[in-house]
file input.pdb (PDB, C-alpha atoms)
ATOM      1  CA  MET F   1      22.320  30.069  16.161
ATOM      2  CA  ASN F   2      25.624  30.475  18.049
ATOM      3  CA  ALA F   3      27.815  27.598  16.906
ATOM      4  CA  GLU F   4      30.271  27.708  19.819
ATOM      5  CA  LYS F   5      27.527  27.917  22.456
ATOM      6  CA  LEU F   6      25.780  24.985  20.788
ATOM      7  CA  LYS F   7      28.976  22.922  20.862
ATOM      8  CA  ASP F   8      29.589  23.741  24.539
ATOM      9  CA  ALA F   9      25.969  22.967  25.431
ATOM     10  CA  LEU F  10      26.206  19.570  23.749
ATOM     11  CA  LYS F  11      29.241  18.614  25.815
ATOM     12  CA  ASN F  12      27.957  20.107  29.077
ATOM     13  CA  ARG F  13      24.537  18.477  28.811
ATOM     14  CA  TRP F  14      25.681  15.178  27.323
ATOM     15  CA  ASP F  15      25.316  13.062  30.452
ATOM     16  CA  LYS F  16      21.892  14.490  31.285
ATOM     17  CA  ASP F  17      20.234  14.716  27.877
ATOM     18  CA  CYS F  18      22.127  12.435  25.484
ATOM     19  CA  LYS F  19      24.088   9.631  27.115
ATOM     20  CA  ASN F  20      21.198   7.265  27.790
ATOM     21  CA  LYS F  21      18.666   8.656  25.325
ATOM     22  CA  ILE F  22      20.310   8.020  21.953
ATOM     23  CA  THR F  23      19.918   4.251  21.793
ATOM     24  CA  SER F  24      18.538   1.403  23.873
ATOM     25  CA  THR F  25      21.113  -1.059  22.522
ATOM     26  CA  GLN F  26      23.835   0.239  24.878
ATOM     27  CA  PRO F  27      22.800  -0.490  28.493
ATOM     28  CA  LEU F  28      25.519   1.803  29.882
ATOM     29  CA  GLY F  29      24.786   4.587  27.440
ATOM     30  CA  ILE F  30      27.199   6.403  25.119
ATOM     31  CA  GLU F  31      30.146   7.814  27.019
ATOM     32  CA  LEU F  32      31.552  11.193  26.125
ATOM     33  CA  ASP F  33      35.164   9.986  26.225
ATOM     34  CA  LYS F  34      38.275  11.823  25.077
ATOM     35  CA  ASP F  35      38.101  10.566  21.500
ATOM     36  CA  PHE F  36      34.457  11.567  21.239
ATOM     37  CA  VAL F  37      35.188  15.045  22.648
ATOM     38  CA  LYS F  38      38.013  15.387  20.143
ATOM     39  CA  PHE F  39      35.623  14.479  17.336
ATOM     40  CA  ILE F  40      32.984  16.993  18.515
ATOM     41  CA  ASP F  41      35.634  19.721  18.721
ATOM     42  CA  SER F  42      36.644  18.970  15.126
ATOM     43  CA  VAL F  43      33.111  19.463  13.777
ATOM     44  CA  ASN F  44      32.100  22.827  12.341
ATOM     45  CA  PHE F  45      28.834  23.547  14.175
ATOM     46  CA  GLU F  46      28.007  26.261  11.655
ATOM     47  CA  ILE F  47      26.431  23.487   9.576
ATOM     48  CA  PHE F  48      23.566  23.157  12.068
ATOM     49  CA  ASP F  49      20.449  25.268  11.745
ATOM     50  CA  HIS F  50      16.973  25.381  13.236
ATOM     51  CA  ILE F  51      13.932  23.979  11.410
ATOM     52  CA  PRO F  52      10.727  26.057  11.440
ATOM     53  CA  PRO F  53       7.750  24.093  12.828
ATOM     54  CA  ILE F  54       5.892  24.083   9.503
ATOM     55  CA  LYS F  55       8.946  22.630   7.761
ATOM     56  CA  LEU F  56       9.301  20.008  10.478
ATOM     57  CA  ILE F  57       5.687  18.957   9.935
ATOM     58  CA  GLU F  58       6.256  18.761   6.172
ATOM     59  CA  LEU F  59       9.267  16.500   6.708
ATOM     60  CA  HIS F  60       7.352  14.391   9.196
ATOM     61  CA  SER F  61       4.519  13.967   6.693
ATOM     62  CA  LEU F  62       6.903  12.060   4.407
ATOM     63  CA  THR F  63       7.395   9.324   7.001
ATOM     64  CA  PRO F  64       5.159   6.331   7.854
ATOM     65  CA  TYR F  65       4.669   7.779  11.364
ATOM     66  CA  HIS F  66       2.704  10.845  10.285
ATOM     67  CA  ALA F  67      -0.621   9.049   9.780
ATOM     68  CA  GLN F  68      -0.238   7.270  13.117
ATOM     69  CA  ARG F  69       0.200  10.559  14.959
ATOM     70  CA  PHE F  70      -2.106  12.912  13.057
ATOM     71  CA  GLY F  71      -4.679  10.590  11.490
ATOM     72  CA  THR F  72      -5.227   9.494   7.888
ATOM     73  CA  ASN F  73      -7.382  12.235   6.337
ATOM     74  CA  ILE F  74      -4.286  14.211   5.500
ATOM     75  CA  LYS F  75      -3.365  13.034   2.023
ATOM     76  CA  LYS F  76      -4.744  13.690  -1.418
ATOM     77  CA  ARG F  77      -4.852  10.553  -3.502
ATOM     78  CA  PRO F  78      -3.647  10.931  -7.109
ATOM     79  CA  ASN F  79      -6.008  10.200  -9.996
ATOM     80  CA  PHE F  80      -6.277   6.636 -11.219
ATOM     81  CA  THR F  81      -3.625   5.385 -13.605
ATOM     82  CA  LYS F  82      -4.983   4.580 -17.054
ATOM     83  CA  PRO F  83      -4.144   0.997 -18.075
ATOM     84  CA  PRO F  84      -1.778   0.672 -21.040
ATOM     85  CA  ILE F  85      -3.308  -0.498 -24.302
ATOM     86  CA  LYS F  86      -1.615  -3.885 -24.032
ATOM     87  CA  PRO F  87      -1.471  -5.792 -20.725
ATOM     88  CA  VAL F  88       1.934  -5.960 -19.026
ATOM     89  CA  SER F  89       3.625  -8.801 -17.162
ATOM     90  CA  ASN F  90       1.894  -8.341 -13.798
ATOM     91  CA  GLU F  91      -1.503  -8.667 -15.507
ATOM     92  CA  ILE F  92      -0.935 -12.095 -17.042
ATOM     93  CA  VAL F  93      -2.252 -14.204 -14.155
ATOM     94  CA  TYR F  94      -5.503 -12.416 -13.335
ATOM     95  CA  ILE F  95      -6.386 -11.891 -17.016
ATOM     96  CA  LYS F  96      -5.746 -15.564 -17.734
ATOM     97  CA  GLU F  97      -8.053 -16.534 -14.875
ATOM     98  CA  LEU F  98     -10.705 -14.089 -16.045
ATOM     99  CA  LEU F  99     -10.613 -15.533 -19.561
ATOM    100  CA  LYS F 100     -11.023 -19.014 -18.063
ATOM    101  CA  ALA F 101     -14.204 -17.800 -16.373
ATOM    102  CA  PHE F 102     -15.476 -16.339 -19.656
ATOM    103  CA  SER F 103     -14.652 -19.587 -21.463
ATOM    104  CA  GLN F 104     -16.387 -21.786 -18.898
ATOM    105  CA  ALA F 105     -19.538 -19.672 -19.096
ATOM    106  CA  SER F 106     -19.629 -19.456 -22.893
ATOM    107  CA  GLY F 107     -18.621 -23.056 -23.549
ATOM    108  CA  GLU F 108     -15.840 -22.051 -25.931
ATOM    109  CA  ASP F 109     -12.271 -20.809 -25.630
ATOM    110  CA  VAL F 110     -12.219 -17.068 -25.156
ATOM    111  CA  GLU F 111      -9.128 -14.966 -25.862
ATOM    112  CA  VAL F 112      -8.688 -11.221 -25.550
ATOM    113  CA  GLU F 113      -8.562 -10.892 -29.339
ATOM    114  CA  SER F 114     -11.876 -12.713 -29.739
ATOM    115  CA  LEU F 115     -13.863 -10.453 -27.391
ATOM    116  CA  SER F 116     -16.503  -8.635 -29.423
ATOM    117  CA  GLU F 117     -16.804  -4.928 -28.697
ATOM    118  CA  ASP F 118     -20.475  -5.071 -27.673
ATOM    119  CA  SER F 119     -20.227  -8.138 -25.417
ATOM    120  CA  ASP F 120     -20.515  -8.205 -21.613
ATOM    121  CA  TYR F 121     -17.220 -10.084 -21.520
ATOM    122  CA  LYS F 122     -15.446  -7.212 -23.259
ATOM    123  CA  SER F 123     -16.964  -4.728 -20.822
ATOM    124  CA  GLU F 124     -15.921  -6.820 -17.838
ATOM    125  CA  TYR F 125     -12.417  -7.248 -19.244
ATOM    126  CA  ILE F 126     -12.012  -3.473 -19.618
ATOM    127  CA  SER F 127     -13.423  -2.845 -16.139
ATOM    128  CA  ALA F 128     -11.213  -5.535 -14.625
ATOM    129  CA  ARG F 129      -8.079  -3.867 -15.955
ATOM    130  CA  LYS F 130      -9.166  -0.442 -14.718
ATOM    131  CA  ASN F 131      -9.981  -1.883 -11.307
ATOM    132  CA  PHE F 132      -6.688  -3.731 -11.081
ATOM    133  CA  TYR F 133      -4.747  -0.553 -11.785
ATOM    134  CA  ALA F 134      -6.836   1.321  -9.221
ATOM    135  CA  ALA F 135      -5.848  -1.206  -6.548
ATOM    136  CA  GLU F 136      -2.214  -1.076  -7.660
ATOM    137  CA  ASP F 137      -2.365   2.720  -7.314
ATOM    138  CA  LEU F 138      -3.817   2.359  -3.816
ATOM    139  CA  GLU F 139      -0.975   0.050  -2.851
ATOM    140  CA  LYS F 140       1.632   2.530  -4.118
ATOM    141  CA  PHE F 141      -0.217   5.384  -2.426
ATOM    142  CA  SER F 142      -0.095   3.613   0.943
ATOM    143  CA  ARG F 143       3.521   2.541   0.593
ATOM    144  CA  ASP F 144       4.964   6.040   1.035
ATOM    145  CA  TRP F 145       3.172   7.102   4.204
ATOM    146  CA  LEU F 146       1.860   4.055   6.064
ATOM    147  CA  PRO F 147       3.720   1.204   7.787
ATOM    148  CA  SER F 148       5.025  -1.339   5.292
ATOM    149  CA  ASN F 149       2.509  -4.060   6.198
ATOM    150  CA  SER F 150      -0.579  -1.833   5.937
ATOM    151  CA  TYR F 151      -1.619  -2.814   2.423
ATOM    152  CA  GLY F 152      -0.946  -6.477   3.131
ATOM    153  CA  GLU F 153      -3.359  -6.248   6.056
ATOM    154  CA  LEU F 154      -5.967  -4.702   3.747
ATOM    155  CA  ILE F 155      -5.544  -7.524   1.226
ATOM    156  CA  ASP F 156      -5.922 -10.075   4.024
ATOM    157  CA  GLU F 157      -9.118  -8.367   5.176
ATOM    158  CA  CYS F 158     -10.439  -8.404   1.622
ATOM    159  CA  TYR F 159      -9.686 -12.125   1.325
ATOM    160  CA  GLU F 160     -11.470 -12.965   4.564
ATOM    161  CA  SER F 161     -14.459 -10.899   3.430
ATOM    162  CA  ILE F 162     -14.912 -12.685   0.102
ATOM    163  CA  SER F 163     -13.566 -16.184   0.771
ATOM    164  CA  SER F 164     -16.962 -17.685   1.621
ATOM    165  CA  THR F 165     -18.445 -16.255  -1.580
ATOM    166  CA  VAL F 166     -15.574 -17.615  -3.663
ATOM    167  CA  ARG F 167     -16.017 -21.054  -2.070
ATOM    168  CA  SER F 168     -19.774 -21.128  -2.753
ATOM    169  CA  GLN F 169     -21.209 -23.268  -5.521
ATOM    170  CA  PHE F 170     -21.806 -21.577  -8.873
ATOM    171  CA  GLU F 171     -22.689 -22.874 -12.298
ATOM    172  CA  ASN F 172     -19.470 -21.459 -13.722
ATOM    173  CA  GLY F 173     -16.490 -19.260 -12.900
ATOM    174  CA  TYR F 174     -18.033 -16.185 -14.479
ATOM    175  CA  GLN F 175     -20.974 -16.327 -12.081
ATOM    176  CA  ARG F 176     -18.501 -16.727  -9.205
ATOM    177  CA  TYR F 177     -16.601 -13.689 -10.460
ATOM    178  CA  LEU F 178     -19.767 -11.568 -10.735
ATOM    179  CA  ALA F 179     -21.069 -12.622  -7.320
ATOM    180  CA  THR F 180     -17.725 -11.877  -5.695
ATOM    181  CA  ASN F 181     -17.575  -8.457  -7.339
ATOM    182  CA  THR F 182     -21.079  -7.665  -6.099
ATOM    183  CA  HIS F 183     -20.240  -8.749  -2.566
ATOM    184  CA  VAL F 184     -16.851  -7.037  -2.337
ATOM    185  CA  SER F 185     -18.390  -3.733  -3.440
ATOM    186  CA  SER F 186     -20.499  -3.665  -0.267
ATOM    187  CA  ILE F 187     -17.616  -4.209   2.161
ATOM    188  CA  ASN F 188     -16.508  -1.273   4.293
ATOM    189  CA  TYR F 189     -12.955  -1.332   5.591
ATOM    190  CA  THR F 190     -13.661   1.149   8.376
ATOM    191  CA  SER F 191     -10.999  -0.238  10.696
ATOM    192  CA  HIS F 192      -8.198   0.286   8.171
ATOM    193  CA  PRO F 193      -6.306   3.608   7.853
ATOM    194  CA  LEU F 194      -6.864   3.580   4.088
ATOM    195  CA  SER F 195     -10.639   3.474   4.557
ATOM    196  CA  PRO F 196     -11.262   7.138   3.535
ATOM    197  CA  TYR F 197      -9.504   6.536   0.213
ATOM    198  CA  ILE F 198     -10.934   3.149  -0.827
ATOM    199  CA  LYS F 199     -13.279   3.269  -3.818
ATOM    200  CA  ALA F 200     -15.410   0.584  -5.459
ATOM    201  CA  GLN F 201     -12.732   0.180  -8.134
ATOM    202  CA  ASP F 202     -10.146  -0.616  -5.463
ATOM    203  CA  LYS F 203     -12.373  -3.208  -3.830
ATOM    204  CA  LYS F 204     -12.836  -5.075  -7.103
ATOM    205  CA  GLY F 205      -9.188  -4.563  -8.052
ATOM    206  CA  MET F 206      -8.022  -6.202  -4.841
ATOM    207  CA  CYS F 207      -9.804  -9.367  -5.975
ATOM    208  CA  HIS F 208      -7.601  -9.423  -9.068
ATOM    209  CA  GLN F 209      -4.554  -8.890  -6.864
ATOM    210  CA  LEU F 210      -5.645 -11.904  -4.813
ATOM    211  CA  VAL F 211      -5.906 -13.891  -8.053
ATOM    212  CA  ASN F 212      -2.357 -12.780  -8.903
ATOM    213  CA  LEU F 213      -1.271 -14.085  -5.500
ATOM    214  CA  ASN F 214      -2.986 -17.429  -6.257
ATOM    215  CA  ARG F 215      -5.186 -17.031  -3.201
ATOM    216  CA  ILE F 216      -8.436 -17.219  -5.159
ATOM    217  CA  LYS F 217      -9.540 -18.579  -8.540
ATOM    218  CA  TRP F 218     -12.724 -18.074 -10.500
ATOM    219  CA  VAL F 219     -12.747 -21.528 -12.095
ATOM    220  CA  LYS F 220     -12.519 -24.445  -9.686
ATOM    221  CA  ASN F 221     -10.275 -27.380 -10.589
ATOM    222  CA  GLY F 222     -12.384 -30.421 -10.022
TER     223      GLY F 222
END

call {"tool": "encode", "arguments": {"input": "input.pdb", "output": "C-alpha cells"}}
result
Amino acid sequence: MNAEKLKDALKNRWDKDCKNKITSTQPLGIELDKDFVKFIDSVNFEIFDHIPPIKLIELHSLTPYHAQRFGTNIKKRPNFTKPPIKPVSNEIVYIKELLKAFSQASGEDVEVESLSEDSDYKSEYISARKNFYAAEDLEKFSRDWLPSNSYGELIDECYESISSTVRSQFENGYQRYLATNTHVSSINYTSHPLSPYIKAQDKKGMCHQLVNLNRIKWVKNG
C-alpha cells in the first residue's frame, strides 16, 4: 500500500522477477533501460491496489480458465429461452428440413400454417423449436466460461454418436427423425465439461443445429 516502496521494489527486483517472466517472445527478456526507468518514475503508483482473494476468484471465474482449474460444477445455467412466436432467420434451415420429413411421411406438402393443433406433427414442430433454443442457450452458456472450441467439440461428438442412425434405412424422413431423437436422448457426454448441464432438450436441439450446419438431413436425396 506504499506507492513509493512499490515503485522501488519493481525496479530493484526487475531482473530477478520480471525481466524473463513477462513474455516468451523476447529471448533476452525485457531490459529495464533508461527510457523504461524514466517511464516507471513518471507513473503514479497510487493507482495500484491489492485485490482480496475472494474478488480475485470472482474475476477469474469470468475467464475460460476457471473451469479448467476448478472444475465445471461451478456455474448455474439460466432457464431455457422461450422461442418467439414466429421463427427467426437461424431457424429457417432446420424447420424446412423438418417440414420435408413431415411431407414425405404424410404424402402431401406440409407447411407450418397447415399443421393441425391436435396432430403429432404440430407437437413435434413445437418441441423441435423448444429443443433448438435449448441447444442455442447451451452454446451461449459455454461461450463465456469455456475455451472457444468447447461447444464445437460437443457438436462433433453428437454427430459421431448419431451418424450411423441417420445413415440407416427408413421408410421416410420422419421415421429417421424420430429414431435419431430416440437414440440421441440416450447418449451421455460424460467426457465433456458441459456434461453436468446437458439435458434431453439440448441433445435433441443439437440435432437441429447439425441440420443447420448441413451435416445431416432427415430426407435423403436419391

call {"tool": "closest_atom_pairs", "arguments": {"input": "input.pdb", "of": "stretch 115-176 of chain F", "to": "stretch 183-187 of chain F", "cutoff": "9 Å", "atoms": "only C-alpha atoms", "output": "JSON lines"}}
result
{"residue": "F:Cys158", "atom": "CA", "partner": "F:Val184", "partner_atom": "CA", "distance": 7.7}
{"residue": "F:Ser161", "atom": "CA", "partner": "F:Val184", "partner_atom": "CA", "distance": 7.3}
{"residue": "F:Ile162", "atom": "CA", "partner": "F:Val184", "partner_atom": "CA", "distance": 6.5}
{"residue": "F:Thr165", "atom": "CA", "partner": "F:His183", "partner_atom": "CA", "distance": 7.8}

call {"tool": "closest_residue", "arguments": {"input": "input.pdb", "among": "F:Lys21, F:His60, F:Lys38, F:Arg13", "to": "F:Asp144", "atoms": "all atoms listed in the file"}}
result
F:His60

call {"tool": "axis_aligned_box", "arguments": {"input": "input.pdb", "around": "stretch 13-21 of chain F", "padding_each_side": "3 Å", "output": "lines of an AutoDock Vina configuration file"}}
result
center_x = 22.2
center_y = 12.9
center_z = 28.3
size_x = 13.0
size_y = 17.2
size_z = 12.0

call {"tool": "closest_residue", "arguments": {"input": "input.pdb", "among": "F:Asn214, F:Asn12, F:Gln104, F:Ser116", "to": "F:Leu32", "atoms": "only C-alpha atoms"}}
result
F:Asn12

call {"tool": "residues_near_point", "arguments": {"input": "input.pdb", "point": "(-13.8, -6.5, -4.8)", "cutoff": "6 Å", "atoms": "only C-alpha atoms", "output": "list in words"}}
result
Asn181, Val184, Ser185, Lys203, Lys204, Gly205, Met206 and Cys207 of chain F

call {"tool": "write_last_selection", "arguments": {"input": "input.pdb", "atoms": "C-alpha atoms", "output": "PDB file, keeping the file's coordinate frame"}}
result
ATOM      1  CA  ASN F 181     -17.575  -8.457  -7.339  1.00  0.00           C
ATOM      2  CA  VAL F 184     -16.851  -7.037  -2.337  1.00  0.00           C
ATOM      3  CA  SER F 185     -18.390  -3.733  -3.440  1.00  0.00           C
ATOM      4  CA  LYS F 203     -12.373  -3.208  -3.830  1.00  0.00           C
ATOM      5  CA  LYS F 204     -12.836  -5.075  -7.103  1.00  0.00           C
ATOM      6  CA  GLY F 205      -9.188  -4.563  -8.052  1.00  0.00           C
ATOM      7  CA  MET F 206      -8.022  -6.202  -4.841  1.00  0.00           C
ATOM      8  CA  CYS F 207      -9.804  -9.367  -5.975  1.00  0.00           C
TER       9      CYS F 207
END

call {"tool": "residues_around", "arguments": {"input": "input.pdb", "residues": "F:Ser106", "least_positions_apart": "5", "cutoff": "10 Å", "atoms": "all atoms listed in the file", "output": "PyMOL selection string"}}
result
chain F and resi 100-101+121+172+174

call {"tool": "resolve_selection", "arguments": {"input": "input.pdb", "expression": "the PyMOL selection byres ((chain F and resi 3) around 12)", "output": "PyMOL selection string"}}
result
chain F and resi 1-2+4-10+40-41+43-50

call {"tool": "atom_distance", "arguments": {"input": "input.pdb", "atom1": "atom CA of F:Trp145", "atom2": "atom CA of F:Tyr65"}}
result
7.3 Å

call {"tool": "resolve_selection", "arguments": {"input": "input.pdb", "expression": "the PyMOL selection byres ((chain F and resi 81) around 12)", "output": "ChimeraX atom specification"}}
result
/F:77-80,82-84,129-138,140-141,201

call {"tool": "atom_distance", "arguments": {"input": "input.pdb", "atom1": "atom CA of F:Glu117", "atom2": "atom CA of F:Gly173"}}
result
21.3 Å

call {"tool": "closest_residue", "arguments": {"input": "input.pdb", "among": "F:Gln169, F:Ser191, F:Gln26, F:Ser163", "to": "F:Leu210", "atoms": "all atoms listed in the file"}}
result
F:Ser163

call {"tool": "closest_residue", "arguments": {"input": "input.pdb", "among": "F:Ser127, F:Lys19, F:Ala105, F:Lys11", "to": "F:Lys34", "atoms": "all atoms listed in the file"}}
result
F:Lys11

call {"tool": "resolve_selection", "arguments": {"input": "input.pdb", "expression": "the PyMOL selection byres ((chain F and resi 195) around 12)", "output": "list of chain:residue names"}}
result
F:Gly71, F:Thr72, F:Asn73, F:Leu138, F:Ser142, F:Ser150, F:Tyr151, F:Leu154, F:Glu157, F:Ile187, F:Asn188, F:Tyr189, F:Thr190, F:Ser191, F:His192, F:Pro193, F:Leu194, F:Pro196, F:Tyr197, F:Ile198, F:Lys199, F:Ala200, F:Asp202, F:Lys203

call {"tool": "residues_around", "arguments": {"input": "input.pdb", "residues": "F:Glu113", "least_positions_apart": "2", "cutoff": "12 Å", "atoms": "only C-alpha atoms", "output": "JSON, numbers by chain"}}
result
{"F": [86, 99, 109, 110, 111, 115, 116, 117, 121, 122, 125]}

call {"tool": "atom_distance", "arguments": {"input": "input.pdb", "atom1": "atom CA of F:Ser168", "atom2": "atom CA of F:Asn212"}}
result
20.3 Å

call {"tool": "residues_around", "arguments": {"input": "input.pdb", "residues": "F:Ile216", "least_positions_apart": "3", "cutoff": "12 Å", "atoms": "only C-alpha atoms", "output": "JSON, numbers by chain"}}
result
{"F": [93, 94, 97, 98, 155, 156, 158, 159, 160, 162, 163, 164, 165, 166, 167, 173, 176, 177, 180, 206, 207, 208, 209, 210, 211, 212, 213, 219, 220, 221]}

call {"tool": "decode", "arguments": {"input": "input.pdb", "residues": "stretch 175-197 of chain F", "atoms": "N, CA and C atoms", "output": "short mmCIF file (atom, residue, chain, number, x, y, z; two decimals), in the first residue's frame"}}
result
data_model
loop_
_atom_site.label_atom_id
_atom_site.label_comp_id
_atom_site.auth_asym_id
_atom_site.auth_seq_id
_atom_site.Cartn_x
_atom_site.Cartn_y
_atom_site.Cartn_z
N GLN F 175 -39.53 -40.92 -39.92
CA GLN F 175 -39.08 -42.04 -39.12
C GLN F 175 -37.60 -41.90 -38.77
N ARG F 176 -36.81 -41.38 -39.71
CA ARG F 176 -35.38 -41.14 -39.43
C ARG F 176 -35.23 -40.10 -38.32
N TYR F 177 -36.03 -39.07 -38.40
CA TYR F 177 -36.01 -38.01 -37.38
C TYR F 177 -36.36 -38.57 -36.00
N LEU F 178 -37.43 -39.37 -35.92
CA LEU F 178 -37.87 -39.93 -34.65
C LEU F 178 -36.83 -40.89 -34.08
N ALA F 179 -36.27 -41.74 -34.94
CA ALA F 179 -35.27 -42.70 -34.48
C ALA F 179 -34.02 -42.00 -33.98
N THR F 180 -33.62 -40.95 -34.66
CA THR F 180 -32.44 -40.19 -34.25
C THR F 180 -32.68 -39.50 -32.92
N ASN F 181 -33.87 -38.95 -32.75
CA ASN F 181 -34.21 -38.29 -31.48
C ASN F 181 -34.21 -39.29 -30.32
N THR F 182 -34.72 -40.49 -30.57
CA THR F 182 -34.72 -41.52 -29.54
C THR F 182 -33.30 -41.92 -29.16
N HIS F 183 -32.47 -42.09 -30.18
CA HIS F 183 -31.08 -42.51 -29.93
C HIS F 183 -30.29 -41.42 -29.22
N VAL F 184 -30.41 -40.18 -29.70
CA VAL F 184 -29.59 -39.10 -29.14
C VAL F 184 -29.95 -38.84 -27.67
N SER F 185 -31.18 -39.14 -27.30
CA SER F 185 -31.60 -38.91 -25.91
C SER F 185 -30.88 -39.82 -24.93
N SER F 186 -30.36 -40.94 -25.43
CA SER F 186 -29.70 -41.91 -24.55
C SER F 186 -28.19 -41.70 -24.44
N ILE F 187 -27.66 -40.75 -25.19
CA ILE F 187 -26.21 -40.53 -25.21
C ILE F 187 -25.79 -39.72 -23.99
N ASN F 188 -24.71 -40.14 -23.38
CA ASN F 188 -24.15 -39.41 -22.24
C ASN F 188 -22.79 -38.83 -22.65
N TYR F 189 -22.66 -37.54 -22.50
CA TYR F 189 -21.43 -36.86 -22.89
C TYR F 189 -20.52 -36.67 -21.67
N THR F 190 -20.22 -37.78 -21.00
CA THR F 190 -19.52 -37.70 -19.72
C THR F 190 -18.11 -37.15 -19.82
N SER F 191 -17.50 -37.23 -21.00
CA SER F 191 -16.13 -36.76 -21.15
C SER F 191 -16.06 -35.26 -21.43
N HIS F 192 -17.21 -34.63 -21.63
CA HIS F 192 -17.22 -33.20 -21.98
C HIS F 192 -17.50 -32.35 -20.74
N PRO F 193 -16.83 -31.20 -20.61
CA PRO F 193 -17.04 -30.34 -19.43
C PRO F 193 -18.46 -29.83 -19.27
N LEU F 194 -19.25 -29.84 -20.32
CA LEU F 194 -20.64 -29.40 -20.22
C LEU F 194 -21.58 -30.51 -19.74
N SER F 195 -21.04 -31.70 -19.57
CA SER F 195 -21.86 -32.87 -19.23
C SER F 195 -22.86 -32.63 -18.10
N PRO F 196 -22.48 -31.97 -16.99
CA PRO F 196 -23.45 -31.79 -15.89
C PRO F 196 -24.64 -30.92 -16.25
N TYR F 197 -24.54 -30.18 -17.35
CA TYR F 197 -25.58 -29.21 -17.70
C TYR F 197 -26.45 -29.67 -18.87
#
